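Q: Take this structure, written in structure tokens, and hold onto it; I'll ask about it next.
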Amino acid sequence: MQVMTCIEDLRQAARRKVPRAFFDYAEGGSYADQTLRANRADLERIKLRQRILADVANRSTKTTILGEPVSLPLALAPIGLCGMQHGDGEILACRAAHAAGIPFTLSTMSICSIEDVAAAVDKPFWFQLYVMKDRGFVRSLIERAAAAQCSALVLTLDLQVLGQRRRDIKNGMTVPPELRIKNIVDIATKPAWALSVLRGKRKTFGNIAGHIPGMENVNSLSTWISGQFDPAMSWKDLEWIAGLWPRKLILKGIVDVEDARIAAKTGAAAIVVSNHGGRQLDGAPSSIAMLPPIVEAVGSEIEIMFDGGIRSGQDVARALALGARSCMIGRAYVYGLGAGGQAGVTRAIEIIRNELDVTMALTGVSSIAEIDRHVVVG
Ligand code: GLV
């Protein structure tokens, strides 16, 4: 592997190694990608304040997330289809996160199932839940996550309908890939990927296939999934879920102050300020633009995590400066996974850790708690 100096290096490597349909699935936003671009552009606009001679010899990136010690204020976000970026991708990413001392979130739409991951790692992970129309199945997913000792349930609230993903439509993206000529040619040039996915435990949605009667074959499964997102979901359903889940609840997908105020009263442990990586409402503001007003409205009532465009330790510092307690990364680790499996995810986390550490030194702070508005210009 060439020297990976930054997340962009991992992205370039992943682009060479992962079939186009799956690389594009992770990479893309919805519709015209306006919100996807705003996430990055608005982060880059925030300028950090360079300070000198502050004695930063004893720095630490350690902090806590939901009261649990972590080695840096970062968690791996729920990402669908990790097992299509690299065989057993969910297990590898979870192992990398745990070895680095940060939380991993398994997506409902993962390839390896909750049970596969639980059997392959030795610490609890977080489970992300989509509330589907089939509430019996939702209940069973919650019970399975509880039985697997998942320590938090991350409820994704911004996908009641699916924003159009133009790349996926054009690529004819399916799980597993449909063997059309175009795909076969693409996969033939990515033999390491093909081998890892062939050797992987599963080739389809592990949490779903085999858990719903009649949903064994892939065609009926994809029809079932696309009909399952529930536009009727409301705050009442949240109460029902909170009543079923015995541990910490995290509400993800909040970019509106009014929603944040309601969320803060639910008893959830945290909210994630997130626009789903620019993959849902195109034209929504960037996540970072909405962080300060949300922190001002509910920051004293509930822990606030940030998600949306983080590609560096400098970005983590920016989000923390604006009031987030920690950040989630999605694409940044998926590029690592595609580039080099577990080692690639480990590298992605290390890159961000090192950048955050140097950013702390050069902004004159020694601890995560000290990162506040005074580290940004203006
Ligand atoms: C699913 O959460 C997706 O954004 O594709």
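Ligands are numbered from 1 in the order shown, chains are lettered A, B, ... in the order of the structure tokens, and residues start at 1 in each chain.
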Give one line per residue of chain A that approaches ligand 1 to at most 12 Å, naming the two atoms of the closest pair and their distance in Å to one decimal, counting only C-alpha atoms and all ligand atoms; sort by chain then ascending residue number and deliver it as a Markdown table.

A:
| residue | atom | partner | partner_atom_place_in_ligand_line | distance |
| --- | --- | --- | --- | --- |
| A:Phe22 | CA | ligand 1 | 5 (O) | 10.7 |
| A:Phe23 | CA | ligand 1 | 5 (O) | 11.9 |
| A:Asp24 | CA | ligand 1 | 5 (O) | 10.7 |
| A:Tyr25 | CA | ligand 1 | 5 (O) | 7.1 |
| A:Ala26 | CA | ligand 1 | 5 (O) | 7.4 |
| A:Glu27 | CA | ligand 1 | 5 (O) | 10.0 |
| A:Gly28 | CA | ligand 1 | 5 (O) | 9.1 |
| A:Gly29 | CA | ligand 1 | 4 (O) | 8.2 |
| A:Ser30 | CA | ligand 1 | 4 (O) | 8.9 |
| A:Leu36 | CA | ligand 1 | 4 (O) | 11.8 |
| A:Ala77 | CA | ligand 1 | 2 (O) | 10.2 |
| A:Pro78 | CA | ligand 1 | 2 (O) | 7.6 |
| A:Ile79 | CA | ligand 1 | 2 (O) | 6.4 |
| A:Gly80 | CA | ligand 1 | 1 (C) | 5.6 |
| A:Leu81 | CA | ligand 1 | 5 (O) | 8.5 |
| A:Cys82 | CA | ligand 1 | 5 (O) | 10.9 |
| A:Leu106 | CA | ligand 1 | 2 (O) | 11.3 |
| A:Ser107 | CA | ligand 1 | 2 (O) | 7.9 |
| A:Thr108 | CA | ligand 1 | 2 (O) | 8.7 |
| A:Met109 | CA | ligand 1 | 1 (C) | 7.3 |
| A:Ser110 | CA | ligand 1 | 1 (C) | 9.9 |
| A:Gln128 | CA | ligand 1 | 2 (O) | 9.7 |
| A:Leu129 | CA | ligand 1 | 2 (O) | 10.1 |
| A:Tyr130 | CA | ligand 1 | 2 (O) | 8.6 |
| A:Val131 | CA | ligand 1 | 2 (O) | 11.9 |
| A:Leu155 | CA | ligand 1 | 2 (O) | 11.3 |
| A:Thr156 | CA | ligand 1 | 2 (O) | 8.2 |
| A:Leu157 | CA | ligand 1 | 2 (O) | 10.4 |
| A:Asp158 | CA | ligand 1 | 2 (O) | 9.1 |
| A:Leu159 | CA | ligand 1 | 2 (O) | 7.3 |
| A:Gln160 | CA | ligand 1 | 2 (O) | 10.7 |
| A:Val161 | CA | ligand 1 | 1 (C) | 10.7 |
| A:Leu162 | CA | ligand 1 | 3 (C) | 8.2 |
| A:Gly163 | CA | ligand 1 | 4 (O) | 8.5 |
| A:Gln164 | CA | ligand 1 | 5 (O) | 9.9 |
| A:Arg165 | CA | ligand 1 | 5 (O) | 8.3 |
| A:Arg166 | CA | ligand 1 | 5 (O) | 11.7 |
| A:Arg167 | CA | ligand 1 | 5 (O) | 11.5 |
| A:Asp168 | CA | ligand 1 | 5 (O) | 9.5 |
| A:Met173 | CA | ligand 1 | 5 (O) | 11.2 |
| A:Thr174 | CA | ligand 1 | 5 (O) | 11.9 |
| A:Ile225 | CA | ligand 1 | 1 (C) | 11.5 |
| A:Ser226 | CA | ligand 1 | 1 (C) | 11.4 |
| A:Phe229 | CA | ligand 1 | 2 (O) | 10.8 |
| A:Lys252 | CA | ligand 1 | 2 (O) | 11.2 |
| A:Gly253 | CA | ligand 1 | 2 (O) | 10.7 |
| A:Ser274 | CA | ligand 1 | 4 (O) | 11.6 |
| A:Asn275 | CA | ligand 1 | 4 (O) | 9.9 |
| A:His276 | CA | ligand 1 | 4 (O) | 6.4 |
| A:Gly277 | CA | ligand 1 | 4 (O) | 7.5 |
| A:Gly278 | CA | ligand 1 | 4 (O) | 8.7 |
| A:Arg279 | CA | ligand 1 | 4 (O) | 5.7 |
| A:Gln280 | CA | ligand 1 | 4 (O) | 7.4 |
| A:Leu281 | CA | ligand 1 | 4 (O) | 11.2 |
| A:Gly330 | CA | ligand 1 | 4 (O) | 10.1 |
| A:Arg331 | CA | ligand 1 | 4 (O) | 10.8 |

Q: Could you dump the residues just selected with C-alpha atoms as a PDB file, in the first residue's frame?

A:
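As written to disk, result39.pdb reads:
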ATOM      1  CA  PHE A  22     -20.284   0.363  -4.247  1.00  0.00           C
ATOM      2  CA  PHE A  23     -17.712   3.155  -4.258  1.00  0.00           C
ATOM      3  CA  ASP A  24     -20.325   5.489  -5.739  1.00  0.00           C
ATOM      4  CA  TYR A  25     -22.970   4.307  -3.249  1.00  0.00           C
ATOM      5  CA  ALA A  26     -20.785   5.492  -0.363  1.00  0.00           C
ATOM      6  CA  GLU A  27     -19.462   8.562  -2.130  1.00  0.00           C
ATOM      7  CA  GLY A  28     -22.673  10.082  -3.437  1.00  0.00           C
ATOM      8  CA  GLY A  29     -25.298  12.411  -2.079  1.00  0.00           C
ATOM      9  CA  SER A  30     -28.909  12.820  -3.109  1.00  0.00           C
ATOM     10  CA  LEU A  36     -23.294  17.044   0.304  1.00  0.00           C
ATOM     11  CA  ALA A  77     -21.271   6.152  11.942  1.00  0.00           C
ATOM     12  CA  PRO A  78     -23.769   3.563  10.744  1.00  0.00           C
ATOM     13  CA  ILE A  79     -23.063   2.826   7.077  1.00  0.00           C
ATOM     14  CA  GLY A  80     -25.041   0.376   4.966  1.00  0.00           C
ATOM     15  CA  LEU A  81     -23.347  -2.299   2.894  1.00  0.00           C
ATOM     16  CA  CYS A  82     -19.876  -2.156   4.513  1.00  0.00           C
ATOM     17  CA  LEU A 106     -23.595  -1.359  12.963  1.00  0.00           C
ATOM     18  CA  SER A 107     -26.204  -0.383  10.356  1.00  0.00           C
ATOM     19  CA  THR A 108     -29.545  -2.166   9.988  1.00  0.00           C
ATOM     20  CA  MET A 109     -28.547  -2.367   6.301  1.00  0.00           C
ATOM     21  CA  SER A 110     -25.293  -4.190   7.008  1.00  0.00           C
ATOM     22  CA  GLN A 128     -28.479   1.603  14.238  1.00  0.00           C
ATOM     23  CA  LEU A 129     -32.153   1.054  13.686  1.00  0.00           C
ATOM     24  CA  TYR A 130     -34.419   2.018  10.845  1.00  0.00           C
ATOM     25  CA  VAL A 131     -38.056   2.057  11.858  1.00  0.00           C
ATOM     26  CA  LEU A 155     -32.229   5.619  15.793  1.00  0.00           C
ATOM     27  CA  THR A 156     -32.046   7.125  12.309  1.00  0.00           C
ATOM     28  CA  LEU A 157     -34.917   9.582  11.969  1.00  0.00           C
ATOM     29  CA  ASP A 158     -34.286  11.213   8.608  1.00  0.00           C
ATOM     30  CA  LEU A 159     -35.086   8.385   6.228  1.00  0.00           C
ATOM     31  CA  GLN A 160     -38.850   8.052   6.194  1.00  0.00           C
ATOM     32  CA  VAL A 161     -38.618   8.231   2.422  1.00  0.00           C
ATOM     33  CA  LEU A 162     -35.448   7.766   0.412  1.00  0.00           C
ATOM     34  CA  GLY A 163     -33.789  10.767  -1.270  1.00  0.00           C
ATOM     35  CA  GLN A 164     -32.950   9.960  -4.885  1.00  0.00           C
ATOM     36  CA  ARG A 165     -29.383   8.708  -5.308  1.00  0.00           C
ATOM     37  CA  ARG A 166     -28.659   9.286  -8.962  1.00  0.00           C
ATOM     38  CA  ARG A 167     -25.430   7.323  -9.074  1.00  0.00           C
ATOM     39  CA  ASP A 168     -27.084   4.215  -7.621  1.00  0.00           C
ATOM     40  CA  MET A 173     -26.597  -0.816  -7.774  1.00  0.00           C
ATOM     41  CA  THR A 174     -27.877  -4.035  -6.188  1.00  0.00           C
ATOM     42  CA  ILE A 225     -36.729  -3.267   1.815  1.00  0.00           C
ATOM     43  CA  SER A 226     -37.778  -0.563  -0.630  1.00  0.00           C
ATOM     44  CA  PHE A 229     -39.340   2.830   4.965  1.00  0.00           C
ATOM     45  CA  LYS A 252     -29.672  10.715  14.632  1.00  0.00           C
ATOM     46  CA  GLY A 253     -30.687  13.019  11.811  1.00  0.00           C
ATOM     47  CA  SER A 274     -26.739  15.124  10.836  1.00  0.00           C
ATOM     48  CA  ASN A 275     -28.269  15.509   7.387  1.00  0.00           C
ATOM     49  CA  HIS A 276     -27.386  11.908   6.539  1.00  0.00           C
ATOM     50  CA  GLY A 277     -24.199  12.948   4.769  1.00  0.00           C
ATOM     51  CA  GLY A 278     -26.155  15.006   2.255  1.00  0.00           C
ATOM     52  CA  ARG A 279     -27.988  11.860   1.140  1.00  0.00           C
ATOM     53  CA  GLN A 280     -31.558  12.873   1.975  1.00  0.00           C
ATOM     54  CA  LEU A 281     -33.005  16.417   1.713  1.00  0.00           C
ATOM     55  CA  GLY A 330     -18.910   7.761   7.721  1.00  0.00           C
ATOM     56  CA  ARG A 331     -17.217   8.095   4.347  1.00  0.00           C
TER      57      ARG A 331
END

Q: For Ser71 (chain A), work out the shell of residues within 9 Å, counting only C-alpha atoms and skipping chain neighbours fewer than 6 positions away, then give it as a ChimeraX atom specification.

A: /A:60-64,100-102,353

Q: Taking into account only C-alpha atoms, which residue in the set A:Ala99, A:Ala75, A:Val56, A:Val18 is nearest to Ile329 (chain A)?

A: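 Using only C-alpha atoms, Ile329 (chain A) sits closest to A:Ala75.
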
Q: Pick out the closest residue to Leu362 (chain A) from this set: A:Gly283, A:Ile169, A:Lys248, A:Ile52. Count only C-alpha atoms.

A: A:Ile52

Q: Using DSSP on the backbone coordinates, identify the residues of region 112-255 of chain A assigned to strand (DSSP E or B); present them as a VMD selection string.

A: chain A and resid 126 to 129 132 152 to 156 229 248 to 254

Q: Selection from above, N, CA and C atoms, as an mmCIF file, in the first residue's frame, can you write it?

A:
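Dumped everything to out_38.cif:
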data_model
loop_
_atom_site.group_PDB
_atom_site.id
_atom_site.type_symbol
_atom_site.label_atom_id
_atom_site.label_comp_id
_atom_site.auth_asym_id
_atom_site.auth_seq_id
_atom_site.Cartn_x
_atom_site.Cartn_y
_atom_site.Cartn_z
ATOM 1 N N TRP A 126 -22.524 -0.362 18.959
ATOM 2 C CA TRP A 126 -23.825 0.299 18.870
ATOM 3 C C TRP A 126 -24.577 -0.272 17.667
ATOM 4 N N PHE A 127 -25.894 -0.280 17.774
ATOM 5 C CA PHE A 127 -26.699 -0.748 16.647
ATOM 6 C C PHE A 127 -27.596 0.378 16.161
ATOM 7 N N GLN A 128 -27.619 0.574 14.838
ATOM 8 C CA GLN A 128 -28.479 1.603 14.238
ATOM 9 C C GLN A 128 -29.753 0.968 13.727
ATOM 10 N N LEU A 129 -30.854 1.614 14.057
ATOM 11 C CA LEU A 129 -32.153 1.054 13.686
ATOM 12 C C LEU A 129 -32.905 1.965 12.729
ATOM 13 N N MET A 132 -39.080 0.442 10.399
ATOM 14 C CA MET A 132 -39.744 -0.025 9.184
ATOM 15 C C MET A 132 -41.222 -0.231 9.467
ATOM 16 N N ALA A 152 -25.717 0.821 22.773
ATOM 17 C CA ALA A 152 -26.591 1.950 22.453
ATOM 18 C C ALA A 152 -27.353 1.651 21.173
ATOM 19 N N LEU A 153 -28.541 2.211 21.105
ATOM 20 C CA LEU A 153 -29.356 2.097 19.895
ATOM 21 C C LEU A 153 -29.370 3.472 19.231
ATOM 22 N N VAL A 154 -28.907 3.507 17.991
ATOM 23 C CA VAL A 154 -28.859 4.774 17.236
ATOM 24 C C VAL A 154 -30.048 4.765 16.283
ATOM 25 N N LEU A 155 -31.003 5.621 16.580
ATOM 26 C CA LEU A 155 -32.229 5.619 15.793
ATOM 27 C C LEU A 155 -32.106 6.648 14.678
ATOM 28 N N THR A 156 -32.142 6.188 13.437
ATOM 29 C CA THR A 156 -32.046 7.125 12.309
ATOM 30 C C THR A 156 -33.437 7.654 11.997
ATOM 31 N N PHE A 229 -39.538 1.544 4.286
ATOM 32 C CA PHE A 229 -39.340 2.830 4.965
ATOM 33 C C PHE A 229 -40.724 3.409 5.245
ATOM 34 N N LYS A 248 -28.917 2.853 26.278
ATOM 35 C CA LYS A 248 -28.899 4.255 25.794
ATOM 36 C C LYS A 248 -29.454 4.390 24.383
ATOM 37 N N LEU A 249 -30.163 5.488 24.196
ATOM 38 C CA LEU A 249 -30.776 5.766 22.904
ATOM 39 C C LEU A 249 -30.148 7.043 22.342
ATOM 40 N N ILE A 250 -29.781 6.980 21.060
ATOM 41 C CA ILE A 250 -29.177 8.140 20.382
ATOM 42 C C ILE A 250 -30.070 8.471 19.189
ATOM 43 N N LEU A 251 -30.466 9.737 19.065
ATOM 44 C CA LEU A 251 -31.364 10.127 17.976
ATOM 45 C C LEU A 251 -30.557 10.821 16.890
ATOM 46 N N LYS A 252 -30.545 10.220 15.713
ATOM 47 C CA LYS A 252 -29.672 10.715 14.632
ATOM 48 C C LYS A 252 -30.496 11.288 13.482
ATOM 49 N N GLY A 253 -30.035 12.452 12.993
ATOM 50 C CA GLY A 253 -30.687 13.019 11.811
ATOM 51 C C GLY A 253 -31.415 14.313 12.121
ATOM 52 N N ILE A 254 -30.900 15.044 13.121
ATOM 53 C CA ILE A 254 -31.571 16.280 13.531
ATOM 54 C C ILE A 254 -30.767 17.483 13.049
#

Q: So which residues of region 199-370 of chain A fall under helix (DSSP H, G or I) by DSSP, listed as a VMD selection string?

A: chain A and resid 199 218 to 226 235 to 244 257 to 264 276 to 278 287 to 298 313 to 321 331 to 363 368 to 370

Q: Could those selected residues go to a file with C-alpha atoms, as a PDB file, in the first residue's frame?

A:
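Output file result.pdb is given in full below:
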ATOM      1  CA  ARG A 199     -14.705 -15.258   1.341  1.00  0.00           C
ATOM      2  CA  VAL A 218     -32.518 -11.401  -3.058  1.00  0.00           C
ATOM      3  CA  ASN A 219     -35.166 -10.098  -5.405  1.00  0.00           C
ATOM      4  CA  SER A 220     -37.998 -10.372  -2.939  1.00  0.00           C
ATOM      5  CA  LEU A 221     -35.710  -8.985  -0.254  1.00  0.00           C
ATOM      6  CA  SER A 222     -34.923  -5.807  -2.179  1.00  0.00           C
ATOM      7  CA  THR A 223     -38.611  -5.295  -2.959  1.00  0.00           C
ATOM      8  CA  TRP A 224     -39.409  -5.748   0.733  1.00  0.00           C
ATOM      9  CA  ILE A 225     -36.729  -3.267   1.815  1.00  0.00           C
ATOM     10  CA  SER A 226     -37.778  -0.563  -0.630  1.00  0.00           C
ATOM     11  CA  TRP A 235     -42.719  10.988  17.781  1.00  0.00           C
ATOM     12  CA  LYS A 236     -45.217   8.448  19.222  1.00  0.00           C
ATOM     13  CA  ASP A 237     -43.235   5.609  17.617  1.00  0.00           C
ATOM     14  CA  LEU A 238     -40.163   6.936  19.344  1.00  0.00           C
ATOM     15  CA  GLU A 239     -41.869   6.466  22.718  1.00  0.00           C
ATOM     16  CA  TRP A 240     -42.680   2.889  21.746  1.00  0.00           C
ATOM     17  CA  ILE A 241     -39.041   2.199  20.844  1.00  0.00           C
ATOM     18  CA  ALA A 242     -37.710   3.889  23.973  1.00  0.00           C
ATOM     19  CA  GLY A 243     -39.994   1.573  25.958  1.00  0.00           C
ATOM     20  CA  LEU A 244     -38.534  -1.516  24.283  1.00  0.00           C
ATOM     21  CA  VAL A 257     -33.791  23.639  16.302  1.00  0.00           C
ATOM     22  CA  GLU A 258     -37.457  22.847  16.853  1.00  0.00           C
ATOM     23  CA  ASP A 259     -36.840  19.110  16.305  1.00  0.00           C
ATOM     24  CA  ALA A 260     -33.828  19.308  18.613  1.00  0.00           C
ATOM     25  CA  ARG A 261     -36.008  20.815  21.365  1.00  0.00           C
ATOM     26  CA  ILE A 262     -38.513  17.962  21.094  1.00  0.00           C
ATOM     27  CA  ALA A 263     -35.713  15.365  20.923  1.00  0.00           C
ATOM     28  CA  ALA A 264     -34.087  16.766  24.060  1.00  0.00           C
ATOM     29  CA  HIS A 276     -27.386  11.908   6.539  1.00  0.00           C
ATOM     30  CA  GLY A 277     -24.199  12.948   4.769  1.00  0.00           C
ATOM     31  CA  GLY A 278     -26.155  15.006   2.255  1.00  0.00           C
ATOM     32  CA  SER A 287     -24.775  19.993   9.391  1.00  0.00           C
ATOM     33  CA  ILE A 288     -22.099  22.399  10.652  1.00  0.00           C
ATOM     34  CA  ALA A 289     -24.276  25.428   9.870  1.00  0.00           C
ATOM     35  CA  MET A 290     -27.018  24.035  12.124  1.00  0.00           C
ATOM     36  CA  LEU A 291     -24.724  22.938  14.954  1.00  0.00           C
ATOM     37  CA  PRO A 292     -24.401  26.304  16.789  1.00  0.00           C
ATOM     38  CA  PRO A 293     -28.144  27.090  17.005  1.00  0.00           C
ATOM     39  CA  ILE A 294     -28.888  23.536  18.137  1.00  0.00           C
ATOM     40  CA  VAL A 295     -26.133  23.662  20.760  1.00  0.00           C
ATOM     41  CA  GLU A 296     -27.505  26.968  21.983  1.00  0.00           C
ATOM     42  CA  ALA A 297     -31.048  25.587  22.211  1.00  0.00           C
ATOM     43  CA  VAL A 298     -30.407  22.185  23.842  1.00  0.00           C
ATOM     44  CA  GLY A 313      -8.767  16.079  12.746  1.00  0.00           C
ATOM     45  CA  GLN A 314      -9.006  19.773  11.919  1.00  0.00           C
ATOM     46  CA  ASP A 315     -12.689  19.182  11.088  1.00  0.00           C
ATOM     47  CA  VAL A 316     -13.212  17.406  14.424  1.00  0.00           C
ATOM     48  CA  ALA A 317     -11.683  20.435  16.174  1.00  0.00           C
ATOM     49  CA  ARG A 318     -14.009  22.742  14.210  1.00  0.00           C
ATOM     50  CA  ALA A 319     -17.118  20.802  15.243  1.00  0.00           C
ATOM     51  CA  LEU A 320     -15.990  20.622  18.866  1.00  0.00           C
ATOM     52  CA  ALA A 321     -15.246  24.348  18.819  1.00  0.00           C
ATOM     53  CA  ARG A 331     -17.217   8.095   4.347  1.00  0.00           C
ATOM     54  CA  ALA A 332     -13.854   8.827   5.997  1.00  0.00           C
ATOM     55  CA  TYR A 333     -13.705   5.298   7.402  1.00  0.00           C
ATOM     56  CA  VAL A 334     -15.461   3.601   4.492  1.00  0.00           C
ATOM     57  CA  TYR A 335     -12.645   4.813   2.214  1.00  0.00           C
ATOM     58  CA  GLY A 336     -10.196   3.163   4.608  1.00  0.00           C
ATOM     59  CA  LEU A 337     -12.224  -0.040   4.555  1.00  0.00           C
ATOM     60  CA  GLY A 338     -12.261  -0.136   0.755  1.00  0.00           C
ATOM     61  CA  ALA A 339      -8.572   0.760   0.582  1.00  0.00           C
ATOM     62  CA  GLY A 340      -7.293  -1.833   3.033  1.00  0.00           C
ATOM     63  CA  GLY A 341      -9.892  -3.611   5.176  1.00  0.00           C
ATOM     64  CA  GLN A 342      -9.241  -3.418   8.914  1.00  0.00           C
ATOM     65  CA  ALA A 343      -5.797  -1.841   8.436  1.00  0.00           C
ATOM     66  CA  GLY A 344      -7.387   0.842   6.275  1.00  0.00           C
ATOM     67  CA  VAL A 345      -9.978   1.723   8.923  1.00  0.00           C
ATOM     68  CA  THR A 346      -7.245   1.749  11.566  1.00  0.00           C
ATOM     69  CA  ARG A 347      -5.260   4.124   9.357  1.00  0.00           C
ATOM     70  CA  ALA A 348      -8.286   6.415   8.854  1.00  0.00           C
ATOM     71  CA  ILE A 349      -8.762   6.712  12.625  1.00  0.00           C
ATOM     72  CA  GLU A 350      -5.012   7.232  13.180  1.00  0.00           C
ATOM     73  CA  ILE A 351      -4.896   9.984  10.553  1.00  0.00           C
ATOM     74  CA  ILE A 352      -7.735  11.844  12.240  1.00  0.00           C
ATOM     75  CA  ARG A 353      -6.237  11.287  15.690  1.00  0.00           C
ATOM     76  CA  ASN A 354      -2.828  12.647  14.633  1.00  0.00           C
ATOM     77  CA  GLU A 355      -4.358  15.631  12.869  1.00  0.00           C
ATOM     78  CA  LEU A 356      -6.511  16.423  15.901  1.00  0.00           C
ATOM     79  CA  ASP A 357      -3.501  16.148  18.211  1.00  0.00           C
ATOM     80  CA  VAL A 358      -1.373  18.524  16.108  1.00  0.00           C
ATOM     81  CA  THR A 359      -4.329  20.887  15.689  1.00  0.00           C
ATOM     82  CA  MET A 360      -4.704  20.988  19.469  1.00  0.00           C
ATOM     83  CA  ALA A 361      -1.012  21.794  19.858  1.00  0.00           C
ATOM     84  CA  LEU A 362      -1.090  24.570  17.262  1.00  0.00           C
ATOM     85  CA  THR A 363      -4.276  26.118  18.653  1.00  0.00           C
ATOM     86  CA  ILE A 368     -10.600  18.042  24.496  1.00  0.00           C
ATOM     87  CA  ALA A 369     -12.567  20.005  27.116  1.00  0.00           C
ATOM     88  CA  GLU A 370     -10.541  23.117  26.247  1.00  0.00           C
TER      89      GLU A 370
END

Q: If we count only C-alpha atoms and set the cut-off at 12 Å, which residues sit around Lys182 (chain A), ignoring sequence neighbours fewer than 3 positions away in its own chain? Please answer as a list in words.

A: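 Listed by chain and then number, they are Pro19, Arg20, Ala21, Lys170, Asn171, Gly172, Met173, Pro177, Glu178, Leu179, Val185, Asp186, Ile187, Ala188 and Thr189 of chain A.
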
Q: Okay, now the selection with N, CA and C atoms, as a short mmCIF file (atom, residue, chain, number, x, y, z; two decimals), in the first residue's frame?

A:
data_model
loop_
_atom_site.label_atom_id
_atom_site.label_comp_id
_atom_site.auth_asym_id
_atom_site.auth_seq_id
_atom_site.Cartn_x
_atom_site.Cartn_y
_atom_site.Cartn_z
N PRO A 19 -15.48 -1.95 -6.60
CA PRO A 19 -16.31 -1.78 -7.80
C PRO A 19 -17.08 -0.46 -7.76
N ARG A 20 -17.21 0.10 -8.93
CA ARG A 20 -17.78 1.43 -9.08
C ARG A 20 -19.12 1.60 -8.35
N ALA A 21 -20.00 0.61 -8.47
CA ALA A 21 -21.35 0.77 -7.89
C ALA A 21 -21.27 0.97 -6.38
N LYS A 170 -28.15 4.98 -11.83
CA LYS A 170 -27.40 4.82 -13.09
C LYS A 170 -26.51 3.59 -13.07
N ASN A 171 -25.95 3.28 -11.90
CA ASN A 171 -25.08 2.10 -11.82
C ASN A 171 -25.87 0.80 -11.71
N GLY A 172 -27.18 0.91 -11.51
CA GLY A 172 -27.98 -0.30 -11.29
C GLY A 172 -27.49 -1.02 -10.04
N MET A 173 -27.20 -0.24 -8.97
CA MET A 173 -26.60 -0.82 -7.77
C MET A 173 -27.54 -1.81 -7.09
N PRO A 177 -24.03 -7.58 -6.23
CA PRO A 177 -24.08 -6.96 -7.55
C PRO A 177 -24.69 -7.88 -8.59
N GLU A 178 -25.52 -7.29 -9.42
CA GLU A 178 -26.12 -8.05 -10.50
C GLU A 178 -25.02 -8.29 -11.54
N LEU A 179 -24.92 -9.51 -12.05
CA LEU A 179 -23.79 -9.79 -12.94
C LEU A 179 -24.10 -9.41 -14.38
N VAL A 185 -17.04 -6.81 -15.95
CA VAL A 185 -15.78 -6.21 -16.41
C VAL A 185 -15.16 -5.42 -15.25
N ASP A 186 -15.98 -4.65 -14.55
CA ASP A 186 -15.49 -3.85 -13.42
C ASP A 186 -14.90 -4.75 -12.33
N ILE A 187 -15.64 -5.80 -11.97
CA ILE A 187 -15.19 -6.68 -10.89
C ILE A 187 -13.92 -7.43 -11.31
N ALA A 188 -13.82 -7.76 -12.61
CA ALA A 188 -12.64 -8.49 -13.09
C ALA A 188 -11.37 -7.67 -12.88
N THR A 189 -11.51 -6.35 -12.83
CA THR A 189 -10.31 -5.52 -12.61
C THR A 189 -10.06 -5.28 -11.11
#

Q: Taking 3 positions as the minimum chain separation for residues in the same chain, which residues sit within 6 Å of Phe306 (chain A) when counting only C-alpha atoms? Answer as a list in words.

A: Val272, Val273, Ala324 and Cys327 of chain A

Q: Emit the selected residues as a JSON list (two decimals), in the first residue's frame, including all heavy atoms.

A:
[["chain", "number", "residue", "atom", "x", "y", "z"],
["A", 272, "VAL", "N", -27.66, 13.28, 17.30],
["A", 272, "VAL", "CA", -26.61, 13.48, 16.31],
["A", 272, "VAL", "C", -27.12, 14.52, 15.31],
["A", 272, "VAL", "O", -28.11, 14.28, 14.62],
["A", 272, "VAL", "CB", -26.24, 12.18, 15.56],
["A", 272, "VAL", "CG1", -25.02, 12.42, 14.66],
["A", 272, "VAL", "CG2", -25.99, 11.03, 16.53],
["A", 273, "VAL", "N", -26.45, 15.67, 15.29],
["A", 273, "VAL", "CA", -26.76, 16.69, 14.29],
["A", 273, "VAL", "C", -26.23, 16.16, 12.96],
["A", 273, "VAL", "O", -25.02, 16.00, 12.78],
["A", 273, "VAL", "CB", -26.11, 18.04, 14.67],
["A", 273, "VAL", "CG1", -26.30, 19.06, 13.55],
["A", 273, "VAL", "CG2", -26.69, 18.54, 15.98],
["A", 324, "ALA", "N", -20.06, 20.69, 19.58],
["A", 324, "ALA", "CA", -20.30, 19.24, 19.60],
["A", 324, "ALA", "C", -19.43, 18.61, 20.69],
["A", 324, "ALA", "O", -18.33, 19.09, 20.97],
["A", 324, "ALA", "CB", -19.96, 18.62, 18.25],
["A", 327, "CYS", "N", -17.77, 13.55, 17.37],
["A", 327, "CYS", "CA", -18.15, 13.50, 15.96],
["A", 327, "CYS", "C", -18.31, 12.06, 15.50],
["A", 327, "CYS", "O", -17.73, 11.14, 16.08],
["A", 327, "CYS", "CB", -17.06, 14.13, 15.09],
["A", 327, "CYS", "SG", -16.81, 15.87, 15.43]]

Q: Would you kindly return, as a short mmCIF file (atom, residue, chain, number, x, y, z; two decimals) with C-alpha atoms, in the first residue's frame, each protein, DNA or RNA residue with an atom no farther than 9 Å from any atom of Pro176 (chain A), considering only C-alpha atoms and excluding same-chain residues fewer than 4 positions away?

A:
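This went into part10.cif:
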data_model
loop_
_atom_site.label_atom_id
_atom_site.label_comp_id
_atom_site.auth_asym_id
_atom_site.auth_seq_id
_atom_site.Cartn_x
_atom_site.Cartn_y
_atom_site.Cartn_z
CA MET A 84 -19.64 -4.75 -0.03
CA LYS A 203 -23.47 -11.58 0.31
CA THR A 204 -26.74 -9.89 1.20
CA PHE A 205 -28.44 -7.98 4.04
CA VAL A 218 -32.52 -11.40 -3.06
#

Q: For CA of Met328 (chain A) and CA of Met305 (chain A), determine how far apart the two atoms are, in Å to one decimal place.

A: 7.2 Å

Q: Between CA of Gly267 (chain A) and CA of Ile65 (chain A), what is the distance in Å, rounded to a tenth?

A: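 So the answer is 16.4 Å.
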